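Below is one structure, written out as structure tokens; the observations come after it.
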Amino acid sequence: MRKIVGGVFQSLDGVIQAPGGPSEDPTGGFVHGGWMFPVADEQVGAVIGEFFSRPYDLLLGRGTYDIFAAYWPYVDGEAAAMSEAFTTANKYVLTRGEQPLPWANSHRIHGMDDVAMLKSGDGPDLLIQGSSTIYPSLLAAGLLDRLMLYTFPIVLGCGKRLFGNGTPPGSFKLVDHQVSLGGTVITTYEPAGPVETGSFGATTSAREGERQHKMKDGTW
């Protein structure tokens with residue numbers, strides 16, 4: 001059985017939109033495209049290289065696939081090796097549409113049943129890059145095995161975030177972490193079951209009783 005492993009670049013306030021360049025994804029009026037590069041460093045680059053150092057297939061949402069397919073097959077120079085690796089890898093694209101997928105080794109899949117079948121079969125691990133829209137469904141189906149977050153020392157204020165509406169509640173356990181010299185916190189998590197709750201201790205004060213009453217009345 002393969003593992004499904006996500007890799008996500010995010011700001012301190014959780015924005016993941018368009019880390020790669022100004023024209024990558026300006027939807028919603030986002031004006032900070034390319035925000036990652038001024039705050040990244042060599043240590044971050046080394047960890048990203050390690051992420052893609054073993055055999056893999058790619059699991060992508062349609063938007064990220066379109067971004068990749070319009071860029072990676074056409075780059076050369078220092079990025080040529082990554083271009084060739086991405087082109088050679090099988091790319092499984094979660095999409096409801098029937099638009100062509102012209103990039104070599106691209107395969108259309110329609111939902112979590114298809115993902116579960118892929119995961120249960122033979123082959124290398126399935127790596128996710130970007131593709132924030134597929135995480136709620138993966139988590140709800142219990143298919144995500146590991147999540148690597150690169151949290152960069154920058155606040156963007158607005159933009160697309162990793163966990164949007166429809167994300168199911170759940171807890172994670174930390175399995176690895178490091179901090180780069182430039183201040184990027186790189187953390188690796190694995191799902192760890194449902195959310196558990198607790199309390200610092202109950203109080204029966206009159207003030208707390210009043211507060212509880214106001215919350216029930218919608219006046220707090």
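Ligands are numbered from 1 in the order shown, residues from 1 within each chain, and chains are lettered A, B, ... in the order they appear in the structure tokens.
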
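Close contacts of Thr133 in chain A, defined as residues with an atom at most 8 Å away when counting only C-alpha atoms, with chain neighbours fewer than 3 positions off set aside, comprise Gly61, Pro136, Leu162 and Gly164 of chain A.
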
**Request:** Select from range 54-212 of chain A everything DSSP, run on the backbone, classes as strand (DSSP E or B), then give the selection as an NGL selection string.
**Result:** :A and (56-61 or 91-94 or 106-109 or 125-129 or 146-151 or 161 or 172-179 or 185-191)

Determine, using only C-alpha atoms, which residues of range 114-193 of chain A have any atom at most 8 Å from an atom of range 17-22 of chain A, and tabulate each with its shortest atom pair and distance in Å to one decimal place, rows ordered by chain and then rising number, as CSV.
residue,atom,partner,partner_atom,distance
A:Gly159,CA,A:Gln17,CA,5.8
A:Lys160,CA,A:Gln17,CA,5.2
A:Arg161,CA,A:Gln17,CA,7.1

Residues of range 121-178 of chain A within 6 Å of range 189-208 of chain A: nearest atom pair and distance (Å, one decimal) for each, counting only C-alpha atoms, sorted by chain and number, as CSV?
residue,atom,partner,partner_atom,distance
A:Asp145,CA,A:Glu190,CA,6.0
A:Arg146,CA,A:Glu190,CA,4.6
A:Leu147,CA,A:Tyr189,CA,5.2
A:Gly170,CA,A:Pro194,CA,4.5
A:Ser171,CA,A:Ala192,CA,5.2
A:Phe172,CA,A:Pro191,CA,4.4
A:Lys173,CA,A:Tyr189,CA,5.4
A:Leu174,CA,A:Tyr189,CA,4.6
A:Val175,CA,A:Tyr189,CA,5.6

**Message:** I'd like the interatomic distance between CA of Tyr92 in chain A and CA of His110 in chain A, to a tenth of an Å.
**Reply:** 9.7 Å

Which residues of range 35-86 of chain A have any atom within 12 Å of an atom in range 115-131 of chain A when counting only C-alpha atoms, and what is the closest pair of atoms for each, with the distance in Å to one decimal? Order the rows by chain and rising number and write it as a tab-separated table.
residue	atom	partner	partner_atom	distance
A:Ile48	CA	A:Gln129	CA	10.7
A:Phe51	CA	A:Leu127	CA	8.7
A:Phe52	CA	A:Leu127	CA	8.4
A:Ser53	CA	A:Leu127	CA	11.4
A:Arg54	CA	A:Pro124	CA	8.4
A:Pro55	CA	A:Pro124	CA	5.8
A:Tyr56	CA	A:Pro124	CA	4.8
A:Asp57	CA	A:Leu126	CA	4.9
A:Leu58	CA	A:Leu127	CA	4.9
A:Leu59	CA	A:Ile128	CA	5.1
A:Leu60	CA	A:Ser131	CA	5.7
A:Gly61	CA	A:Ser131	CA	4.8
A:Arg62	CA	A:Ser131	CA	7.7
A:Gly63	CA	A:Ser131	CA	7.0
A:Thr64	CA	A:Ser131	CA	5.5
A:Tyr65	CA	A:Ser131	CA	8.3
A:Asp66	CA	A:Ser131	CA	10.7
A:Ile67	CA	A:Gly130	CA	10.0
A:Phe68	CA	A:Gln129	CA	9.9
A:Phe86	CA	A:Leu127	CA	11.1

Would you save the residues of that selection, restricted to C-alpha atoms, as a tab-separated table (two decimals), in the first residue's frame?
chain	number	residue	atom	x	y	z
A	48	ILE	CA	12.17	20.29	-0.60
A	51	PHE	CA	10.81	15.51	-0.31
A	52	PHE	CA	11.13	14.70	-4.01
A	53	SER	CA	14.29	12.57	-3.78
A	54	ARG	CA	12.57	9.15	-3.77
A	55	PRO	CA	10.33	7.64	-6.48
A	56	TYR	CA	6.87	9.20	-6.41
A	57	ASP	CA	3.66	9.85	-8.27
A	58	LEU	CA	1.80	13.15	-7.94
A	59	LEU	CA	-1.74	13.62	-6.64
A	60	LEU	CA	-3.00	17.05	-7.70
A	61	GLY	CA	-6.10	19.18	-7.75
A	62	ARG	CA	-7.09	20.56	-11.14
A	63	GLY	CA	-5.91	24.11	-10.42
A	64	THR	CA	-2.43	23.05	-9.33
A	65	TYR	CA	-2.21	20.67	-12.29
A	66	ASP	CA	-2.95	23.55	-14.68
A	67	ILE	CA	-0.24	25.68	-13.04
A	68	PHE	CA	2.30	22.86	-13.20
A	86	PHE	CA	7.62	15.83	-12.93
